[in-house]
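Asks: I have a structure I would like to understand better, so I am pasting it below and will then ask my questions one at a time.
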Amino acid sequence: MKDLIKDTIGKIKKQHILPESKWKYLARKYGVWFLFVLVVIFGGVSLSAAAYLLSSLDWDLYNFMHQNRVGYLLSIFPYFWAVLVGTFIIGAFFDMRKTETGYRFSWLKISLVTIGSILVLGAVMFFAGLGGRFNSMMASGVPYYGQHMMVTKESQWMQPQDGFLAGTINSTSNVVLVVSDLNGKVWNVDFDENTLIRPSANVSKGQMIKIIGTQSGSDTFQATEIRPWIGGGMMGGVGGQRNGMGTGRGMMRGN
Amino acid sequence: MQKDIVQTDADLIELSKKDPEMFGLLMERYQGQLFHYIRRMTQLPADDIQDLLQEVFIKIYQKLNEYDEVLKFSSWAYRIAHNHIIDYFRKTNARPQTNSLEDYEWEKIISASIRIEKDIMNKDCVEKVKVCIEKLPLKYKEVLILRFVQELEYEEIMDILKKPKGSIATLISRGKEMLIEKMKEQNINCF
């Protein structure tokens, strides 16, 4: 048997073998953590965007679409963001397992940490309004995104043939609203005393509104309900007001 | 002078970075354990084991700056040896064997896996059980060797194999179960 110690040290000296520099090791070590943080941030952004989309949609529209709740939920679910959130959770999980001491934690603990981090960051971003901003950036910068990949509030309310219209009021009269829709097309929206105007809907020039009704011509629409652009319009009262614009004949809808 | 003082592993690592001669002291401390670990994991002649061990020590030396004191040095060295053995099997396309274990080492695994009294161990029966253990997948054989032959703690095995403690416990328990299943398949019922 050879003298292993003597041989090995001789080989180290003869071949000028040196310990690898520390910075390489540190770069690898912190690189993995940096990647983890990055993946969690992307996960948070995706989650906040999904939450924004879901929160901005009108959840009672299935009544008007003759759909049940589950069918409606499946039709508006933000699959794109959900897939991204799932991908980032899996990425963060495996990245954390790759850290220097990641193997010491059970799968359950790592799952809780990664899912928890993305949930917390996503919630913070959502309440800080970043989800909405990110969605707007995607809608304006990525054409295919807004038109085909996502049911957005805009796409939900720009279906006049199905009875949903949204836009800005150009002018008002007792029976007609002139509205520029989200694409800039001008509509004459007829309404009468049977039209339900939600309590917080401000039906005046320059206001953005959402309208439920029936398309009666190429640029005419019969309104059955008017809501403010933001929210369901229930703030400020119970039920809604039948058209009493300029007449002082407001009627509360019985629930 | 420095060689005469009892140094901790961490001290020796720092000294080895400046003077390779000091690395000899670290090698002296761990060459026995690592030699037997490599022998138990491979079926190689002593000279080949020494060659592998030398490669392992050179790798350890090259990675000295990576050593983190949250680990025991021995666990870290075993980890490097474990990875080197896996690489060796990959490169040579050799099938890992465990029949280079000594009889007393086999007995340790067998008695840990099956409830038996040492004094009623039947030589023929032990030979049959050896065949069953040899047929176990490497990952099960390795944890059984680390736990019952090298007599390492779960935490150390966890650090060597970079697997959570629960997974180590599962591997050990599954390894024992598989051994018992294989024995039933072979109609070995002599304990």
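Naming works like this for the structure tokens: A, B, ... for the chains as they're shown, residue 1 at the start of each chain, ligands 1 onward in shown order.
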Using DSSP on the backbone, list every residue of stretch 31-99 of chain B that comes out as alpha helix (DSSP H), and give them as a VMD selection string.
Replies: chain B and resid 31 to 41 46 to 62 73 to 92
Asks: Within 9 Å of chain B, which residues of chain A show up when using only C-alpha atoms, listed as an MDAnalysis selection string?
Replies: chainID A and resid 1:2 4:9 11:13 17:23 25:26 101:107
Asks: Taking the chain letters and numbering used in this document, name the residues of stretch 14-254 of chain A that DSSP puts in strand (DSSP E or B), as an MDAnalysis selection string.
Replies: chainID A and resid 159 164:172 176:181 186:190 196:197 208:215 220:228 241:242 251:252
Asks: The selected residues should be written to file as a short mmCIF file (atom, residue, chain, number, x, y, z; two decimals), in the first residue's frame (atoms: N, CA and C atoms).
Replies:
```
data_model
loop_
_atom_site.label_atom_id
_atom_site.label_comp_id
_atom_site.auth_asym_id
_atom_site.auth_seq_id
_atom_site.Cartn_x
_atom_site.Cartn_y
_atom_site.Cartn_z
N GLN A 159 -69.28 43.89 -25.58
CA GLN A 159 -70.00 42.87 -26.35
C GLN A 159 -71.43 43.37 -26.60
N PHE A 164 -73.89 43.96 -23.65
CA PHE A 164 -73.00 44.66 -22.72
C PHE A 164 -72.21 45.74 -23.46
N LEU A 165 -72.25 46.93 -22.90
CA LEU A 165 -71.59 48.06 -23.57
C LEU A 165 -70.97 48.96 -22.50
N ALA A 166 -69.82 49.52 -22.80
CA ALA A 166 -69.18 50.44 -21.86
C ALA A 166 -68.56 51.59 -22.63
N GLY A 167 -68.53 52.75 -22.00
CA GLY A 167 -67.92 53.90 -22.66
C GLY A 167 -68.09 55.18 -21.86
N THR A 168 -67.75 56.27 -22.51
CA THR A 168 -67.80 57.58 -21.85
C THR A 168 -68.99 58.37 -22.41
N ILE A 169 -69.72 59.01 -21.52
CA ILE A 169 -70.91 59.78 -21.95
C ILE A 169 -70.45 61.08 -22.63
N ASN A 170 -70.94 61.26 -23.87
CA ASN A 170 -70.63 62.51 -24.60
C ASN A 170 -71.68 63.58 -24.31
N SER A 171 -72.94 63.12 -24.29
CA SER A 171 -74.02 64.07 -23.98
C SER A 171 -75.21 63.30 -23.45
N THR A 172 -76.10 64.02 -22.77
CA THR A 172 -77.28 63.35 -22.19
C THR A 172 -78.53 64.13 -22.53
N VAL A 176 -82.08 59.81 -24.20
CA VAL A 176 -80.93 59.25 -24.94
C VAL A 176 -79.60 59.71 -24.33
N LEU A 177 -78.68 58.75 -24.27
CA LEU A 177 -77.29 59.09 -23.90
C LEU A 177 -76.45 58.86 -25.15
N VAL A 178 -75.58 59.80 -25.44
CA VAL A 178 -74.63 59.58 -26.54
C VAL A 178 -73.31 59.13 -25.88
N VAL A 179 -72.91 57.92 -26.24
CA VAL A 179 -71.77 57.30 -25.55
C VAL A 179 -70.70 56.88 -26.57
N SER A 180 -69.44 57.26 -26.28
CA SER A 180 -68.31 56.73 -27.07
C SER A 180 -67.83 55.47 -26.38
N ASP A 181 -67.92 54.32 -27.09
CA ASP A 181 -67.50 53.07 -26.43
C ASP A 181 -65.97 53.01 -26.29
N VAL A 186 -69.32 55.69 -31.59
CA VAL A 186 -70.36 56.47 -30.90
C VAL A 186 -71.70 55.73 -30.98
N TRP A 187 -72.37 55.65 -29.83
CA TRP A 187 -73.65 54.94 -29.72
C TRP A 187 -74.72 55.90 -29.19
N ASN A 188 -75.95 55.70 -29.67
CA ASN A 188 -77.10 56.35 -29.05
C ASN A 188 -77.74 55.33 -28.14
N VAL A 189 -77.71 55.60 -26.87
CA VAL A 189 -78.25 54.66 -25.89
C VAL A 189 -79.60 55.18 -25.40
N ASP A 190 -80.66 54.45 -25.74
CA ASP A 190 -82.01 54.85 -25.30
C ASP A 190 -82.26 54.31 -23.90
N LEU A 196 -82.84 50.65 -14.99
CA LEU A 196 -82.32 50.71 -13.62
C LEU A 196 -80.97 51.42 -13.62
N ILE A 197 -80.91 52.52 -12.87
CA ILE A 197 -79.63 53.22 -12.76
C ILE A 197 -79.10 52.97 -11.35
N MET A 208 -67.60 57.67 -17.16
CA MET A 208 -67.54 56.33 -17.77
C MET A 208 -68.60 55.45 -17.12
N ILE A 209 -69.33 54.72 -17.97
CA ILE A 209 -70.40 53.86 -17.46
C ILE A 209 -70.38 52.50 -18.14
N LYS A 210 -71.10 51.58 -17.52
CA LYS A 210 -71.31 50.25 -18.12
C LYS A 210 -72.82 50.12 -18.30
N ILE A 211 -73.20 49.54 -19.42
CA ILE A 211 -74.63 49.46 -19.75
C ILE A 211 -75.00 48.01 -20.08
N ILE A 212 -76.11 47.57 -19.48
CA ILE A 212 -76.66 46.26 -19.85
C ILE A 212 -77.95 46.53 -20.62
N GLY A 213 -78.18 45.83 -21.70
CA GLY A 213 -79.39 46.06 -22.49
C GLY A 213 -79.40 45.23 -23.74
N THR A 214 -79.91 45.83 -24.80
CA THR A 214 -80.04 45.11 -26.08
C THR A 214 -79.58 46.02 -27.20
N GLN A 215 -78.81 45.45 -28.13
CA GLN A 215 -78.42 46.24 -29.30
C GLN A 215 -79.64 46.30 -30.23
N THR A 220 -77.21 51.83 -32.18
CA THR A 220 -78.20 52.15 -31.14
C THR A 220 -78.32 51.00 -30.15
N PHE A 221 -78.61 51.37 -28.90
CA PHE A 221 -78.61 50.38 -27.82
C PHE A 221 -79.74 50.75 -26.87
N GLN A 222 -80.52 49.77 -26.45
CA GLN A 222 -81.60 50.02 -25.49
C GLN A 222 -81.10 49.57 -24.11
N ALA A 223 -80.98 50.55 -23.19
CA ALA A 223 -80.43 50.22 -21.87
C ALA A 223 -81.51 49.72 -20.93
N THR A 224 -81.18 48.64 -20.21
CA THR A 224 -82.06 48.20 -19.12
C THR A 224 -81.41 48.47 -17.76
N GLU A 225 -80.09 48.64 -17.78
CA GLU A 225 -79.39 48.93 -16.52
C GLU A 225 -78.12 49.73 -16.80
N ILE A 226 -77.86 50.71 -15.93
CA ILE A 226 -76.64 51.51 -16.09
C ILE A 226 -75.84 51.45 -14.78
N ARG A 227 -74.56 51.15 -14.91
CA ARG A 227 -73.67 51.04 -13.74
C ARG A 227 -72.48 51.98 -13.93
N PRO A 228 -71.85 52.39 -12.82
CA PRO A 228 -70.61 53.16 -12.99
C PRO A 228 -69.51 52.24 -13.52
N GLN A 241 -82.08 53.07 -8.92
CA GLN A 241 -83.07 54.11 -9.18
C GLN A 241 -83.57 53.96 -10.60
N ARG A 242 -84.91 53.95 -10.75
CA ARG A 242 -85.45 53.96 -12.09
C ARG A 242 -85.19 55.34 -12.68
N MET A 251 -87.28 56.35 -8.57
CA MET A 251 -87.98 55.27 -7.86
C MET A 251 -86.95 54.25 -7.39
N MET A 252 -87.08 53.79 -6.17
CA MET A 252 -86.16 52.76 -5.70
C MET A 252 -86.68 51.40 -6.13
#
```
Asks: Neighbours of stretch 74-91 of chain B within 6 Å (only C-alpha atoms; same-chain residues fewer than 6 positions away dropped), as an mmCIF file with N, CA and C atoms, in the first residue's frame?
Replies:
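This went into part.cif:
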```
data_model
loop_
_atom_site.group_PDB
_atom_site.id
_atom_site.type_symbol
_atom_site.label_atom_id
_atom_site.label_comp_id
_atom_site.auth_asym_id
_atom_site.auth_seq_id
_atom_site.Cartn_x
_atom_site.Cartn_y
_atom_site.Cartn_z
ATOM 1 N N VAL B 56 -10.653 11.795 -4.216
ATOM 2 C CA VAL B 56 -11.608 12.426 -3.284
ATOM 3 C C VAL B 56 -10.896 13.500 -2.451
ATOM 4 N N GLU B 156 -26.336 13.269 9.961
ATOM 5 C CA GLU B 156 -25.125 13.174 9.137
ATOM 6 C C GLU B 156 -25.454 12.600 7.762
ATOM 7 N N ILE B 160 -24.922 14.229 4.102
ATOM 8 C CA ILE B 160 -24.111 13.562 3.069
ATOM 9 C C ILE B 160 -24.911 13.437 1.769
#
```
Asks: Which polymer residues have any atom within 12 Å of an atom of A:Gly86, counting only C-alpha atoms, with same-chain residues fewer than 6 positions away left out, as a count of residues only?
Replies: 17
Asks: Pick out the residues sitting within 8 Å of B:Tyr154, and hand them over as a ChimeraX atom specification; count only C-alpha atoms, and ignore anything fewer than 6 positions along from it in its own chain.
Replies: /B:147,165,168-169
Asks: What separation in Å, quoted to one decimal, exists between atom CA of A:Phe134 and atom CA of A:Leu121?
Replies: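 Separation of atom CA of A:Phe134 and atom CA of A:Leu121: 14.4 Å.
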Asks: Mind pulling up the distance from atom CA of B:Leu34 to atom CA of B:Leu52?
Replies: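 We find that atom CA of B:Leu52 and atom CA of B:Leu34 lie 10.1 Å from each other.
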Asks: Compare A:Val151, A:Val85, A:Val142, A:Leu74 by their minimum atom-to-atom distance to A:Ser56, counting only C-alpha atoms, and give me the closest one.
Replies: A:Val151
Asks: Check the smallest atom-to-atom distance from each of B:Val143, B:Ile180, B:Ile157, B:Leu44 to B:Lys72 using only C-alpha atoms, then report the winner.
Replies: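 For B:Lys72, the nearest of the candidates is B:Ile157.
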Asks: Please indicate the distance in Å from atom CA of A:Gly231 to atom CA of A:Leu130, rounded to one decimal place.
Replies: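 Separating atom CA of A:Gly231 from atom CA of A:Leu130 is a distance of 18.3 Å.
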Asks: Contacts of A:Asp192 at 8 Å or less, counting only C-alpha atoms, minus same-chain residues fewer than 2 places along, as a list in words?
Replies: Val175, Asp190, Asn194, Thr195 and Asn243 of chain A
Asks: Considering only C-alpha atoms, can you say which of B:Ile49, B:Leu136, B:Leu15, B:Leu146 comes closest to B:Lys176?
Replies: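 Using only C-alpha atoms, the shortest distance to B:Lys176 belongs to B:Leu136.
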